[in-house]
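Chemist: Dropping a structure here in structure tokens format, bear with me for questions.
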Amino acid sequence: MIPRTLPAGTTLRAFFERLLPDDHAANIPKDAGDATCSVRLVDGPTYALAANGDRLTVRETDRVEDAPLLLSTTAATAQLFLDDWLGPKKLAPSFEPRGLTAITDPRLIRRFAAIKGVLSLTLDDFEGTSVTLLIAAGPKASLYDDPDATVRIELPAFLELLAGTLGPDEAIVDGHVKLTGKKLVAMQFALALVPYFPARG
């Protein structure tokens, strides 16, 4: 699901501005439709992504532009994940998501954009630190306020998700995460991902 080719020394800027568009063009069909989202790196750049079929345009912007989906994290967190993907790949999915060939697939973005809410997702105890991703979805995603739901997950359960042996809905329902706030909002985000996970028996 992450770009299949990550040259050694890839920077965050190159990842967003070159690798994502190239990976998108190689893996997304022309009839996939349109979608937009914004990525905000705290203490770093903000990017506006616009997908039109097999074409992805990425622009650096000086503010978060209106979009129905916003992903926000620190530049340090983004760099931590990129370093892992360039090296040991502990934080990379080890299964092939069903029907998903690129993280910029407009159909995936639209699934998230159909949700109305803000989710804060924190991974605890990785390399001695905790990292957080905030996902805001809906018509006013760019004007997000406090999270509607907060999910904290420890590394063992997160690795099960990446292996496809634990579904995102199961992680919530079976208590593999610590959830505060609106469970319905957290479940909506989880259920948006379920179709891409291995089928359960």
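Please note that chains go A, B, ... in the order of the structure tokens, that every chain numbers its residues from 1, and that ligands are numbered from 1 in the order shown.
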I'd like the contact shell of region 30-40 of chain A - 6 Å cut-off, only C-alpha atoms, skipping same-chain residues fewer than 4 positions apart - returned as a list in words.

Modeler: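 Result of the neighbour search: Thr46, Tyr47, Ala48, Leu49, Ala50, Ala51, Asn52, Gly53, Asp54, Ala67, Leu69, Leu70, Leu71, Ser72 and Pro106 of chain A.
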
Chemist: Go ahead and dump the residues you just picked, N, CA and C atoms, as a short mmCIF file (atom, residue, chain, number, x, y, z; two decimals), in the first residue's frame.

Modeler:
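Saved result, again.cif, follows:
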data_model
loop_
_atom_site.label_atom_id
_atom_site.label_comp_id
_atom_site.auth_asym_id
_atom_site.auth_seq_id
_atom_site.Cartn_x
_atom_site.Cartn_y
_atom_site.Cartn_z
N THR A 46 2.69 21.87 4.43
CA THR A 46 1.33 21.38 4.25
C THR A 46 1.14 21.11 2.77
N TYR A 47 0.48 19.99 2.44
CA TYR A 47 0.30 19.61 1.05
C TYR A 47 -1.18 19.47 0.71
N ALA A 48 -1.53 19.88 -0.49
CA ALA A 48 -2.87 19.67 -1.04
C ALA A 48 -2.75 18.60 -2.12
N LEU A 49 -3.51 17.53 -1.97
CA LEU A 49 -3.49 16.43 -2.93
C LEU A 49 -4.80 16.40 -3.69
N ALA A 50 -4.71 16.32 -5.00
CA ALA A 50 -5.89 16.24 -5.86
C ALA A 50 -5.71 15.08 -6.83
N ALA A 51 -6.57 14.08 -6.69
CA ALA A 51 -6.52 12.90 -7.57
C ALA A 51 -7.60 13.01 -8.62
N ASN A 52 -7.22 12.76 -9.86
CA ASN A 52 -8.17 12.73 -10.98
C ASN A 52 -7.84 11.48 -11.79
N GLY A 53 -8.59 10.39 -11.48
CA GLY A 53 -8.28 9.13 -12.14
C GLY A 53 -6.88 8.68 -11.79
N ASP A 54 -6.08 8.43 -12.83
CA ASP A 54 -4.72 7.95 -12.59
C ASP A 54 -3.70 9.07 -12.42
N ALA A 67 -10.82 20.83 2.03
CA ALA A 67 -10.88 19.48 1.48
C ALA A 67 -11.71 18.64 2.44
N LEU A 69 -11.09 15.80 3.56
CA LEU A 69 -10.27 14.91 4.37
C LEU A 69 -8.95 15.59 4.69
N LEU A 70 -8.60 15.58 5.96
CA LEU A 70 -7.35 16.18 6.41
C LEU A 70 -6.61 15.19 7.30
N LEU A 71 -5.33 14.97 6.99
CA LEU A 71 -4.45 14.17 7.83
C LEU A 71 -3.41 15.12 8.44
N SER A 72 -3.27 15.06 9.75
CA SER A 72 -2.35 15.98 10.42
C SER A 72 -1.48 15.23 11.41
N PRO A 106 -8.43 7.39 -5.08
CA PRO A 106 -9.57 8.28 -4.83
C PRO A 106 -10.74 7.57 -4.16
#

Chemist: Among region 107-157 of chain A, which residues does DSSP mark as alpha helix (DSSP H) when it is run on the backbone? Keep the chain and numbering as in the structure and answer as JSON, numbers by chain.

Modeler: {"A": [107, 108, 109, 110, 111, 112, 113, 155, 156, 157]}

Chemist: Quote the spacing between CA of Ala157 (chain A) and CA of Leu193 (chain A) in Å to one decimal place.

Modeler: 16.0 Å

Chemist: Skip region 170-175 of chain A itself and residues of its chain fewer than 4 positions away, then list as a list in words all residues within 9 Å of it, counting only C-alpha atoms.

Modeler: Val151, Ile153, Ala157, Leu161, Leu166, Leu179, Lys183, Ala186, Met187 and Ala190 of chain A

Chemist: Using only C-alpha atoms for the distances, tell me which of A:Val177, A:Leu143, A:Leu41, A:Ala137 is nearest to Ile109 (chain A).

Modeler: A:Ala137

Chemist: Excluding same-chain residues fewer than 3 positions from Arg200 (chain A), what lies within 12 Å of it counting only C-alpha atoms, as a ChimeraX atom specification?

Modeler: /A:164-167,169-170,194-197

Chemist: Print the selection's residues with N, CA, C and O atoms to a file, as a short mmCIF file (atom, residue, chain, number, x, y, z; two decimals), in the first residue's frame.

Modeler:
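Output file out-v9.cif follows:
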data_model
loop_
_atom_site.label_atom_id
_atom_site.label_comp_id
_atom_site.auth_asym_id
_atom_site.auth_seq_id
_atom_site.Cartn_x
_atom_site.Cartn_y
_atom_site.Cartn_z
N GLY A 164 -2.58 -7.90 9.15
CA GLY A 164 -3.89 -8.31 8.67
C GLY A 164 -4.54 -9.39 9.51
O GLY A 164 -5.58 -9.94 9.13
N THR A 165 -3.95 -9.70 10.67
CA THR A 165 -4.52 -10.74 11.54
C THR A 165 -5.52 -10.16 12.54
O THR A 165 -6.20 -10.91 13.24
N LEU A 166 -5.59 -8.85 12.61
CA LEU A 166 -6.56 -8.15 13.45
C LEU A 166 -7.22 -7.08 12.61
O LEU A 166 -6.54 -6.26 12.00
N GLY A 167 -8.54 -7.09 12.55
CA GLY A 167 -9.27 -6.09 11.79
C GLY A 167 -9.43 -4.81 12.60
O GLY A 167 -9.46 -4.85 13.84
N ASP A 169 -12.03 -2.95 13.05
CA ASP A 169 -13.26 -3.00 13.84
C ASP A 169 -13.09 -3.92 15.04
O ASP A 169 -13.56 -3.62 16.15
N GLU A 170 -12.40 -5.04 14.84
CA GLU A 170 -12.15 -5.97 15.94
C GLU A 170 -11.27 -5.32 17.01
O GLU A 170 -11.45 -5.58 18.21
N VAL A 194 -12.21 -1.78 6.74
CA VAL A 194 -12.47 -3.22 6.80
C VAL A 194 -12.45 -3.92 5.44
O VAL A 194 -11.87 -5.01 5.31
N PRO A 195 -13.05 -3.36 4.37
CA PRO A 195 -13.07 -4.07 3.09
C PRO A 195 -11.68 -4.37 2.53
O PRO A 195 -11.54 -5.26 1.68
N TYR A 196 -10.67 -3.66 2.97
CA TYR A 196 -9.33 -3.85 2.44
C TYR A 196 -8.53 -4.90 3.21
O TYR A 196 -7.44 -5.27 2.80
N PHE A 197 -9.08 -5.36 4.33
CA PHE A 197 -8.40 -6.35 5.16
C PHE A 197 -8.77 -7.77 4.72
O PHE A 197 -9.79 -7.98 4.07
#

Chemist: According to DSSP computed on the backbone, where in chain A is there strand (DSSP E)? Give the residues as a VMD selection string.

Modeler: chain A and resid 34 to 42 46 to 52 55 to 61 69 to 74 117 to 126 129 to 137 149 to 154 177 to 181

Chemist: Just the number, please: distance in Å from CA of Leu12 (chain A) to CA of Pro45 (chain A), one decimal.

Modeler: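 Interatomic distance, CA of Leu12 (chain A) to CA of Pro45 (chain A): 9.6 Å.
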
Chemist: If you count only C-alpha atoms, which residues fall within 9 Å of Thr74 (chain A), apart from same-chain ones fewer than 5 positions away, as a count of residues only?

Modeler: 9

Chemist: For Gly99 (chain A), list every protein, DNA or RNA residue within 12 Å, evaluated using only C-alpha atoms, and leave out those in the same chain fewer than 2 positions away; present the list as a list in words.

Modeler: Met1, Asn27, Ile28, Pro29, Ala32, Phe95, Glu96, Pro97, Thr101, Ala102, Ile103, Asp105, Arg107, Leu108, Leu193, Val194, Pro195, Tyr196, Phe197 and Pro198 of chain A

Chemist: Pick from A:Leu184, A:Leu86, A:Leu56, A:Leu162: nearest to Val118 (chain A), with only C-alpha atoms counted?

Modeler: A:Leu184

Chemist: Between CA of Glu160 (chain A) and CA of Lys90 (chain A), what is the distance, to one decimal in Å?

Modeler: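 Atom-to-atom, CA of Glu160 (chain A) and CA of Lys90 (chain A) are spaced 11.1 Å apart.
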
Chemist: Could you check which of A:Thr73, A:Thr104, A:Ala113, A:Asp83 is closest to Asp23 (chain A), using only C-alpha atoms?

Modeler: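 Ranking A:Thr73, A:Thr104, A:Ala113, A:Asp83 by distance to Asp23 (chain A), first place goes to A:Thr104.
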
Chemist: Go through A:Leu82, A:Val185, A:Val64, A:Leu121 one by one, measure the shortest atom-to-atom distance of each to Glu154 (chain A) using only C-alpha atoms, and give the residue with the smallest value.

Modeler: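 Counting only C-alpha atoms, the residue closest to Glu154 (chain A) is A:Leu121.
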
Chemist: Ranking A:Leu155, A:Ala163, A:Ala199, A:Ala14 by minimum distance to Thr122 (chain A) and counting only C-alpha atoms, which one comes first?

Modeler: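 For Thr122 (chain A), the nearest of the given residues is A:Leu155.
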